[in-house]
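To be precise, the following lines are run.cif, and they hold mmCIF, C-alpha atoms and all ligand atoms.
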```cif
data_input
loop_
_atom_site.label_atom_id
_atom_site.label_comp_id
_atom_site.auth_asym_id
_atom_site.auth_seq_id
_atom_site.Cartn_x
_atom_site.Cartn_y
_atom_site.Cartn_z
CA MET S 1370 55.91 111.12 91.01
CA ILE S 1371 56.22 111.96 87.32
CA LEU S 1372 59.66 113.49 87.84
CA ARG S 1373 60.71 110.48 89.92
CA ASP S 1374 59.67 108.07 87.16
CA PHE S 1375 61.40 110.23 84.57
CA PHE S 1376 64.74 110.18 86.42
CA MET S 1377 64.41 106.44 87.16
CA TYR S 1378 63.87 105.90 83.44
CA LEU S 1379 66.97 107.98 82.66
CA SER S 1380 69.00 106.06 85.27
CA GLU S 1381 68.26 102.82 83.40
CA ASN S 1382 69.23 104.16 79.97
CA ARG S 1383 72.37 102.42 78.81
CA THR S 1384 73.07 104.71 75.86
CA LEU S 1385 73.01 107.84 77.99
CA ASN S 1386 75.16 106.06 80.56
CA ALA S 1387 77.79 105.28 77.92
CA ALA S 1388 77.68 108.86 76.62
CA ALA S 1389 78.12 110.26 80.14
CA GLN S 1390 81.23 108.11 80.67
CA ARG S 1391 82.95 109.83 77.78
CA TYR S 1392 82.68 113.20 79.49
CA GLY S 1393 83.98 113.82 83.03
CA LEU S 1394 81.68 114.64 85.92
CA LYS S 1395 79.02 116.94 84.51
CA MET S 1396 75.59 118.42 85.33
CA GLY S 1397 76.45 118.94 89.00
CA ALA S 1398 77.55 115.34 89.52
CA GLN S 1399 80.86 116.64 90.88
CA SER S 1400 78.98 117.80 94.01
CA VAL S 1401 77.92 114.25 94.85
CA VAL S 1402 80.72 112.13 93.32
CA ALA S 1403 84.11 112.38 95.02
CA GLY S 1404 86.28 112.00 91.93
CA THR S 1405 86.87 109.97 88.82
CA ASN S 1406 90.00 108.16 90.04
CA ILE S 1407 91.50 106.64 93.19
CA LYS S 1408 93.91 109.49 93.88
CA GLU S 1409 91.19 112.16 93.92
CA THR S 1410 89.05 109.85 96.05
CA ILE S 1411 91.76 109.24 98.67
CA ASP S 1412 92.16 113.04 98.94
CA SER S 1413 88.40 113.40 99.56
CA ILE S 1414 88.51 110.62 102.17
CA LYS S 1415 91.42 112.29 103.97
CA GLU S 1416 89.49 115.53 104.16
CA LEU S 1417 86.44 113.80 105.65
CA ASN S 1418 88.64 111.82 108.07
CA ASN S 1419 90.11 115.14 109.27
CA HIS S 1420 86.61 116.02 110.46
CA GLY S 1421 86.23 112.70 112.31
CA ILE S 1422 84.13 111.16 109.54
CA ALA S 1423 84.77 107.61 108.29
CA CYS S 1424 84.00 106.63 104.68
CA THR S 1425 82.47 103.76 102.78
CA VAL S 1426 83.76 103.92 99.22
CA ASP S 1427 81.89 102.81 96.13
CA ASN S 1428 83.52 102.32 92.73
CA LEU S 1429 80.59 103.37 90.55
CA GLY S 1430 79.58 100.97 87.81
CA GLU S 1431 76.38 99.74 86.23
CA PHE S 1432 75.27 97.87 83.11
CA VAL S 1433 77.94 95.17 83.42
CA PHE S 1434 77.16 92.46 80.88
CA GLU S 1435 80.65 91.36 79.81
CA LYS S 1436 83.07 89.34 81.93
CA SER S 1437 85.86 91.73 80.97
CA GLU S 1438 83.87 94.66 82.48
CA ALA S 1439 83.37 92.77 85.75
CA ILE S 1440 87.07 91.88 85.91
CA ALA S 1441 88.03 95.52 85.29
CA ALA S 1442 85.70 96.54 88.14
CA LYS S 1443 87.19 93.90 90.43
CA ASN S 1444 90.73 95.12 89.66
CA GLN S 1445 89.72 98.70 90.38
CA ILE S 1446 88.26 97.68 93.76
CA LEU S 1447 91.40 95.66 94.62
CA GLU S 1448 93.47 98.76 93.80
CA LEU S 1449 91.19 100.84 95.99
CA ILE S 1450 91.58 98.44 98.95
CA GLN S 1451 95.34 98.57 98.51
CA ALA S 1452 95.22 102.40 98.46
CA ILE S 1453 93.04 102.52 101.60
CA HIS S 1454 95.58 100.31 103.34
CA ASP S 1455 98.67 102.14 102.01
CA HIS S 1456 97.32 105.59 102.98
CA GLY S 1457 96.01 104.34 106.33
CA VAL S 1458 92.70 106.17 105.87
CA ASP S 1459 89.54 105.34 107.81
CA ALA S 1460 87.48 103.80 105.01
CA HIS S 1461 85.84 100.57 103.94
CA ILE S 1462 84.28 99.25 100.75
CA SER S 1463 80.73 99.33 99.40
CA LEU S 1464 80.14 97.26 96.28
CA LYS S 1465 77.31 96.11 94.06
CA PRO S 1466 77.32 92.39 93.14
CA SER S 1467 75.97 93.24 89.66
CA GLN S 1468 79.16 95.16 88.96
CA LEU S 1469 81.16 92.02 89.73
CA GLY S 1470 79.19 89.86 87.31
CA LEU S 1471 76.01 88.79 89.16
CA ASP S 1472 73.91 89.14 85.99
CA ILE S 1473 76.45 87.16 83.93
CA ASP S 1474 77.16 84.07 86.02
CA ILE S 1475 76.77 83.72 89.77
CA ASP S 1476 79.84 81.45 90.18
CA PHE S 1477 81.99 83.92 88.28
CA CYS S 1478 80.63 86.70 90.51
CA TYR S 1479 81.42 84.63 93.60
CA GLU S 1480 85.07 84.23 92.51
CA ASN S 1481 85.40 88.00 91.95
CA LEU S 1482 83.83 88.80 95.29
CA LYS S 1483 86.01 86.24 97.05
CA GLU S 1484 89.19 87.92 95.82
CA ILE S 1485 87.96 91.31 97.01
CA VAL S 1486 86.74 90.11 100.38
CA ALA S 1487 89.95 88.11 100.99
CA LEU S 1488 92.26 91.07 100.32
CA ALA S 1489 90.08 93.37 102.45
CA ASP S 1490 90.06 90.78 105.24
CA GLN S 1491 93.84 90.58 105.14
CA TYR S 1492 93.93 94.33 105.88
CA GLY S 1493 91.03 94.34 108.36
CA ILE S 1494 88.81 96.28 105.97
CA PHE S 1495 85.04 95.75 106.01
CA VAL S 1496 83.12 95.11 102.76
CA ASN S 1497 79.46 96.05 102.41
CA PHE S 1498 77.27 94.43 99.76
CA ASP S 1499 74.95 97.21 98.59
CA MET S 1500 71.47 96.06 97.70
CA GLU S 1501 70.05 96.71 94.27
CA ASN S 1502 66.67 95.82 92.75
CA TYR S 1503 64.53 92.89 93.90
CA ASP S 1504 65.73 90.43 91.21
CA ARG S 1505 69.21 90.64 92.71
CA LEU S 1506 68.19 90.55 96.38
CA HIS S 1507 68.24 86.81 97.07
CA PRO S 1508 71.27 85.99 94.90
CA SER S 1509 73.17 88.75 96.74
CA PHE S 1510 72.18 87.39 100.16
CA GLU S 1511 73.25 83.91 99.05
CA LEU S 1512 76.65 85.12 97.87
CA MET S 1513 77.20 86.90 101.16
CA GLU S 1514 76.25 83.82 103.18
CA GLN S 1515 78.56 81.63 101.10
CA LEU S 1516 81.49 84.03 101.55
CA ASN S 1517 80.78 84.36 105.26
CA ASN S 1518 81.93 80.75 105.73
CA GLU S 1519 85.49 81.97 105.20
CA HIS S 1520 85.42 85.71 105.82
CA GLN S 1521 83.46 87.63 108.44
CA ASN S 1522 84.38 91.14 107.27
CA ILE S 1523 81.16 91.43 105.28
CA GLY S 1524 77.70 92.85 105.73
CA THR S 1525 74.81 94.11 103.68
CA VAL S 1526 71.77 96.34 103.37
CA ILE S 1527 68.15 95.90 104.37
CA GLN S 1528 65.69 97.94 102.29
CA ALA S 1529 62.64 98.86 104.35
CA TYR S 1530 60.23 99.08 101.41
CA PHE S 1531 60.24 95.31 100.81
CA HIS S 1532 57.41 93.39 102.48
CA GLU S 1533 59.88 90.66 103.39
CA SER S 1534 62.38 92.94 105.15
CA ASP S 1535 61.14 91.86 108.63
CA GLU S 1536 62.15 88.27 107.88
CA ASN S 1537 65.43 89.31 106.29
CA ILE S 1538 66.54 91.49 109.17
CA GLU S 1539 65.91 88.66 111.58
CA LYS S 1540 67.72 86.16 109.38
CA TYR S 1541 70.77 88.41 108.99
CA LYS S 1542 70.85 90.00 112.43
CA ASN S 1543 74.32 88.61 113.11
CA TYR S 1544 75.74 90.66 110.24
CA ARG S 1545 76.68 94.30 110.29
CA LEU S 1546 73.68 95.84 108.48
CA ARG S 1547 73.02 99.15 106.79
CA ILE S 1548 69.32 99.96 106.94
CA VAL S 1549 67.81 102.16 104.22
CA LYS S 1550 64.34 103.03 102.95
CA GLY S 1551 65.06 101.65 99.43
CA ALA S 1552 66.01 103.44 96.21
CA TYR S 1553 64.69 101.39 93.28
CA LYS S 1554 61.27 101.33 91.66
CA GLU S 1555 59.58 98.11 92.79
CA PRO S 1556 56.05 96.78 92.20
CA ALA S 1557 53.31 96.87 94.86
CA ASN S 1558 53.14 93.09 95.25
CA ILE S 1559 56.63 93.05 96.81
CA ALA S 1560 57.22 96.58 98.11
CA TYR S 1561 55.33 99.27 100.00
CA GLN S 1562 54.56 102.30 97.84
CA ASP S 1563 53.26 104.66 100.46
CA LYS S 1564 55.92 106.94 101.95
CA ALA S 1565 54.39 106.99 105.44
CA GLU S 1566 54.25 103.20 105.47
CA ILE S 1567 57.89 102.93 104.37
CA ASP S 1568 58.98 105.47 107.00
CA ALA S 1569 57.18 103.55 109.77
CA LYS S 1570 58.70 100.25 108.65
CA TYR S 1571 62.11 101.90 108.46
CA ILE S 1572 61.98 102.99 112.11
CA LYS S 1573 60.78 99.53 113.16
CA LEU S 1574 63.71 97.80 111.42
CA ILE S 1575 66.28 100.20 112.85
CA GLU S 1576 64.96 99.67 116.37
CA TYR S 1577 64.95 95.89 115.89
CA HIS S 1578 68.56 95.77 114.75
CA LEU S 1579 69.77 98.23 117.38
CA LEU S 1580 68.28 95.98 120.07
CA ASN S 1581 69.03 92.56 118.57
CA GLY S 1582 71.67 92.91 115.90
CA LYS S 1583 75.40 93.21 115.52
CA PHE S 1584 76.19 96.72 114.28
CA THR S 1585 73.69 99.11 112.68
CA SER S 1586 74.38 101.71 110.01
CA ILE S 1587 71.44 104.09 109.85
CA ALA S 1588 71.67 105.47 106.32
CA THR S 1589 69.32 108.38 105.81
CA HIS S 1590 69.18 112.13 105.26
CA ASP S 1591 65.89 112.30 107.16
CA HIS S 1592 66.42 114.44 110.26
CA ARG S 1593 63.18 113.09 111.80
CA VAL S 1594 64.59 109.55 111.73
CA ILE S 1595 67.96 110.72 113.05
CA ASN S 1596 66.32 112.58 115.96
CA HIS S 1597 64.20 109.53 116.74
CA VAL S 1598 67.29 107.27 116.78
CA LYS S 1599 69.18 109.66 119.06
CA GLN S 1600 66.33 109.46 121.57
CA PHE S 1601 65.89 105.70 121.15
CA VAL S 1602 69.55 104.85 121.83
CA LYS S 1603 69.52 107.08 124.89
CA THR S 1604 66.36 105.50 126.33
CA ASN S 1605 67.63 101.98 125.64
CA ASN S 1606 71.24 102.55 126.75
CA ILE S 1607 72.64 101.52 123.39
CA PRO S 1608 76.31 102.54 123.30
CA ASN S 1609 77.71 104.64 120.46
CA ASP S 1610 79.98 101.82 119.30
CA LYS S 1611 76.93 99.72 118.28
CA PHE S 1612 75.80 102.04 115.50
CA GLU S 1613 76.66 104.83 113.11
CA PHE S 1614 74.83 107.31 110.93
CA GLN S 1615 75.52 107.31 107.20
CA MET S 1616 74.77 109.85 104.49
CA LEU S 1617 75.80 110.21 100.87
CA TYR S 1618 78.76 112.36 99.88
CA GLY S 1619 77.72 115.95 99.22
CA PHE S 1620 74.32 115.75 100.96
CA ARG S 1621 73.43 117.69 104.13
CA LYS S 1622 77.11 118.41 104.75
CA ASP S 1623 76.39 120.59 107.80
CA MET S 1624 74.41 117.83 109.44
CA GLN S 1625 77.17 115.28 108.69
CA LEU S 1626 79.73 117.49 110.45
CA GLN S 1627 77.36 118.26 113.31
CA LEU S 1628 76.62 114.59 114.05
CA ALA S 1629 80.34 113.78 114.05
CA LYS S 1630 80.93 116.76 116.34
CA GLU S 1631 78.24 115.53 118.73
CA GLY S 1632 80.31 112.35 119.14
CA TYR S 1633 78.27 109.94 117.02
CA ASN S 1634 80.07 107.58 114.67
CA PHE S 1635 79.50 109.00 111.23
CA CYS S 1636 80.31 107.42 107.88
CA THR S 1637 79.98 109.12 104.51
CA TYR S 1638 79.19 107.03 101.44
CA VAL S 1639 81.79 108.15 98.90
CA PRO S 1640 81.07 107.21 95.28
CA PHE S 1641 83.78 107.65 92.69
CA GLY S 1642 84.57 106.72 89.12
CA ARG S 1643 83.68 107.51 85.53
CA ASP S 1644 80.41 105.61 85.68
CA TRP S 1645 78.57 108.32 87.67
CA TYR S 1646 75.47 108.71 85.51
CA GLY S 1647 73.01 106.08 86.89
CA TYR S 1648 73.93 106.91 90.49
CA PHE S 1649 73.36 110.60 89.87
CA MET S 1650 69.99 110.07 88.14
CA ARG S 1651 68.76 107.93 91.07
CA ARG S 1652 69.64 110.75 93.47
CA LEU S 1653 67.60 113.14 91.31
CA ALA S 1654 64.72 110.65 91.28
CA GLU S 1655 64.74 110.43 95.09
CA ARG S 1656 64.73 114.14 95.58
CA PRO S 1657 64.02 116.38 92.60
CA GLN S 1658 65.14 119.32 94.80
CA ASN S 1659 68.62 117.97 94.04
CA LEU S 1660 68.03 119.51 90.65
CA THR S 1661 69.22 122.76 92.25
CA LEU S 1662 72.65 121.10 92.26
CA VAL S 1663 72.35 120.80 88.50
CA THR S 1664 71.05 124.30 87.84
CA LYS S 1665 73.71 125.85 90.08
CA GLN S 1666 76.42 124.06 88.12
CA VAL S 1667 74.92 124.96 84.76
CA PHE S 1668 74.40 128.65 85.55
CA ASN S 1669 77.42 129.33 87.79
CA LYS S 1670 79.91 128.65 85.00
P1 LIG S 1701 63.84 110.78 102.12
O1 LIG S 1701 62.80 109.79 102.52
O2 LIG S 1701 64.16 110.95 100.68
O3 LIG S 1701 63.49 112.20 102.71
C1 LIG S 1701 62.84 112.36 103.98
C2 LIG S 1701 62.97 113.81 104.42
O4 LIG S 1701 64.34 114.08 104.80
C3 LIG S 1701 62.63 114.82 103.34
O5 LIG S 1701 61.26 115.08 103.26
C4 LIG S 1701 63.43 116.03 103.82
O6 LIG S 1701 62.75 116.70 104.86
C5 LIG S 1701 64.69 115.40 104.40
N1 LIG S 1701 65.77 115.32 103.39
C6 LIG S 1701 66.09 114.25 102.63
N2 LIG S 1701 67.15 114.52 101.85
C7 LIG S 1701 67.51 115.78 102.09
C8 LIG S 1701 68.52 116.65 101.61
N3 LIG S 1701 69.38 116.24 100.67
N4 LIG S 1701 68.58 117.90 102.10
C9 LIG S 1701 67.70 118.34 103.04
N5 LIG S 1701 66.72 117.55 103.54
C10 LIG S 1701 66.62 116.31 103.09
N6 LIG S 1701 69.21 102.33 98.69
C11 LIG S 1701 69.18 101.06 98.23
O7 LIG S 1701 68.16 100.62 97.70
N7 LIG S 1701 70.29 100.25 98.38
C12 LIG S 1701 71.43 100.66 99.00
O8 LIG S 1701 72.39 99.88 99.11
C13 LIG S 1701 71.46 102.01 99.51
N8 LIG S 1701 72.57 102.49 100.14
C14 LIG S 1701 72.52 103.75 100.69
C15 LIG S 1701 73.62 104.22 101.42
C16 LIG S 1701 73.56 105.46 102.06
C17 LIG S 1701 74.72 105.94 102.87
C18 LIG S 1701 72.37 106.27 101.95
C19 LIG S 1701 72.26 107.59 102.66
C20 LIG S 1701 71.31 105.82 101.19
C21 LIG S 1701 71.37 104.59 100.54
N9 LIG S 1701 70.30 104.12 99.77
C22 LIG S 1701 70.30 102.83 99.31
C23 LIG S 1701 69.20 105.05 99.38
C24 LIG S 1701 68.00 104.98 100.31
O9 LIG S 1701 67.34 103.76 100.11
C25 LIG S 1701 67.02 106.14 100.04
O10 LIG S 1701 66.52 106.01 98.74
C26 LIG S 1701 67.60 107.52 100.20
O11 LIG S 1701 68.49 107.60 101.29
C27 LIG S 1701 66.47 108.55 100.39
O12 LIG S 1701 65.81 108.36 101.60
P2 LIG S 1701 66.14 109.20 102.93
O13 LIG S 1701 65.82 108.36 104.10
O14 LIG S 1701 67.54 109.70 102.87
O15 LIG S 1701 65.21 110.48 102.92
#
```

Could you write out this file's structure as structure tokens?
Amino acid sequence: MILRDFFMYLSENRTLNAAAQRYGLKMGAQSVVAGTNIKETIDSIKELNNHGIACTVDNLGEFVFEKSEAIAAKNQILELIQAIHDHGVDAHISLKPSQLGLDIDIDFCYENLKEIVALADQYGIFVNFDMENYDRLHPSFELMEQLNNEHQNIGTVIQAYFHESDENIEKYKNYRLRIVKGAYKEPANIAYQDKAEIDAKYIKLIEYHLLNGKFTSIATHDHRVINHVKQFVKTNNIPNDKFEFQMLYGFRKDMQLQLAKEGYNFCTYVPFGRDWYGYFMRRLAERPQNLTLVTKQVFNK
């Protein structure tokens, strides 16, 4: 718990984030971040596609407080969509509303998102709204609902640790949903703290959406959950085209390949960009064993 809190604290440190941007991918981050630019990222996507794995691509970026930073992020995502289309790769977009200006001005954020979603829609590319901390949860849902009036190529994430996730999954069951346990540090009055409780809720939400929802992305590295889902879809005759498994780039690579080989739809979450620091620290917070990635990189020079 202490290590988790320590890495969460580091992930929120703006000064360290800015320092990390000045240096390329360091400290083992290159194992879990696909590249710093679009070209490198398209190459990584092609390699995964060759193994029958689709990708959801995230232009990393946090601590956006200036409109100019949000506009730069929007332009980068538009360029990425264009590259996905031009190269004909099997990939869609994951984005964080805060990177597009949610914390600055919600109307400004809406306009940025609209441009992105419209271009992606034109090319038949899906856009997933990643979910961040609780303060941003409802504004993000609202933005998605508003955009859905014109574009249906959007979906979002349900985080199992929130007490309210039962209501949210029901409310948004007609969207394509990624279901996760939840990555941010949240207080006990809004989120479960106990791992067993979160795991149980996670399974419940997945089963609900598989039976009642549109399309389900089961995003986890937990083999127990994956095995449970395999059995559940079989028992309930849920066809493979109603769901996919997702994992993060660089994690449990053998299992990613194996699931794709077994014929399941598999999608790797591919983060890229210079702003890798906060993402990387959160991965260390989730699983301090990931520190071996760091030590290997430091000592295998
Ligand atoms: P954990 O609960 O961390 O681990 C359970 C068990 O699985 C472990 O005890 C271990 O046995 C096994 N295991 C886990 N990882 C590994 C590993 N690397 N190697 C070997 N065994 C392992 N969170 C958000 O809040 N918002 C988002 O938008 C979001 N998007 C995500 C997208 C994807 C594709 C993924 C995979 C995760 C996303 N998350 C998101 C993070 C998520 O909420 C969890 O914090 C994270 O996935 C850790 O939980 P877990 O279910 O993977 O496994």

Practice task
Could you give me, as a VMD selection string, the residues within 12 Å of Tyr1618 of chain S, counting all atoms listed in the file and dropping anything in the same chain fewer than 2 positions from it?
Solution key: chain S and resid 1398 to 1404 1410 1413 to 1414 1416 to 1417 1422 to 1427 1588 to 1590 1615 to 1616 1620 to 1626 1635 to 1641 1648 to 1649 1652

Exercise for the section: Report the distance between atom CA of Tyr1571 of chain S and atom CA of Tyr1646 of chain S in Å, rounded to one decimal place. Expected result: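 For atom CA of Tyr1571 of chain S relative to atom CA of Tyr1646 of chain S, the distance reads 27.4 Å.
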
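With atom CA of Ala1452 of chain S on one side and atom CA of Gln1491 of chain S on the other, the separation reads 13.6 Å.
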
Handout entry: Which of S:Val1433, S:Leu1488, S:Leu1464, S:Val1598 sits closest to ligand LIG 1701 (chain S) [using only C-alpha atoms and all ligand atoms]
Key =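 Distance minimum relative to ligand LIG 1701 (chain S) lands on S:Leu1464.
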
Exercise for the section: Work out how far apart atom CA of Asp1472 of chain S and atom CA of Glu1431 of chain S are and give it in Å to one decimal. Expected result: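 Separating atom CA of Asp1472 of chain S from atom CA of Glu1431 of chain S is a distance of 10.9 Å.
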
Using all atoms of ligand LIG 1701 (chain S) that appear in the file, construct an axis-aligned enclosing box with 5 Å of padding on every side and provide its centre coordinates and edge lengths in Å, rounded to one decimal, as lines of an AutoDock Vina configuration file.
```
center_x = 68.0
center_y = 109.1
center_z = 101.3
size_x = 23.5
size_y = 28.5
size_z = 17.2
```

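Across S:Leu1617, S:Met1377, S:Leu1429, S:Leu1628, the tightest approach to ligand LIG 1701 (chain S) is made by S:Leu1617 when counting all atoms listed in the file.
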
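Nearest to Tyr1577 of chain S of all the residues S:Lys1599, S:Asn1419, S:Tyr1561, S:Ile1538 is S:Ile1538, based on only C-alpha atoms.
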
Practice task
Using all atoms listed in the file, pick whichever of S:Lys1583, S:Arg1643, S:Arg1505, S:His1456 has the shortest atom-to-atom distance to ligand LIG 1701 (chain S).
Solution key: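 The closest residue to ligand LIG 1701 (chain S) is S:Arg1505.
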
Practice task
Compare S:Glu1631, S:Glu1438, S:Asp1563, S:Asp1535 by their minimum atom-to-atom distance to Ser1467 of chain S, counting all atoms listed in the file, and give me the closest one.
Solution key: S:Glu1438

Handout entry: Residue nearest ligand LIG 1701 (chain S) among S:Ala1629, S:Ala1442, S:Ile1559, S:Ala1529 (counting all atoms listed in the file)
Key = S:Ala1529

Handout entry: Near-Pro1608 of chain S list (12 Å; all atoms listed in the file; drop same-chain fewer than 2 positions) as a PyMOL selection string
Key = chain S and resi 1579-1580+1584-1585+1599+1601-1606+1610-1613+1632-1634

Spatial neighbours of Pro1508 of chain S, max dist 12 Å, only C-alpha atoms, sep filter under 4 positions, as a compact mmCIF listing (two decimals) with C-alpha atoms, in the frame of the given file:
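Result file is result32.txt:
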```txt
# COMPACT_ATOMS: atom_id res chain seq x y z
CA LYS S 1465 77.31 96.11 94.06
CA PRO S 1466 77.32 92.39 93.14
CA SER S 1467 75.97 93.24 89.66
CA GLY S 1470 79.19 89.86 87.31
CA LEU S 1471 76.01 88.79 89.16
CA ASP S 1472 73.91 89.14 85.99
CA ASP S 1474 77.16 84.07 86.02
CA ILE S 1475 76.77 83.72 89.77
CA ASP S 1476 79.84 81.45 90.18
CA CYS S 1478 80.63 86.70 90.51
CA TYR S 1479 81.42 84.63 93.60
CA PHE S 1498 77.27 94.43 99.76
CA MET S 1500 71.47 96.06 97.70
CA GLU S 1501 70.05 96.71 94.27
CA ASN S 1502 66.67 95.82 92.75
CA TYR S 1503 64.53 92.89 93.90
CA ASP S 1504 65.73 90.43 91.21
CA LEU S 1512 76.65 85.12 97.87
CA MET S 1513 77.20 86.90 101.16
CA GLU S 1514 76.25 83.82 103.18
CA GLN S 1515 78.56 81.63 101.10
```
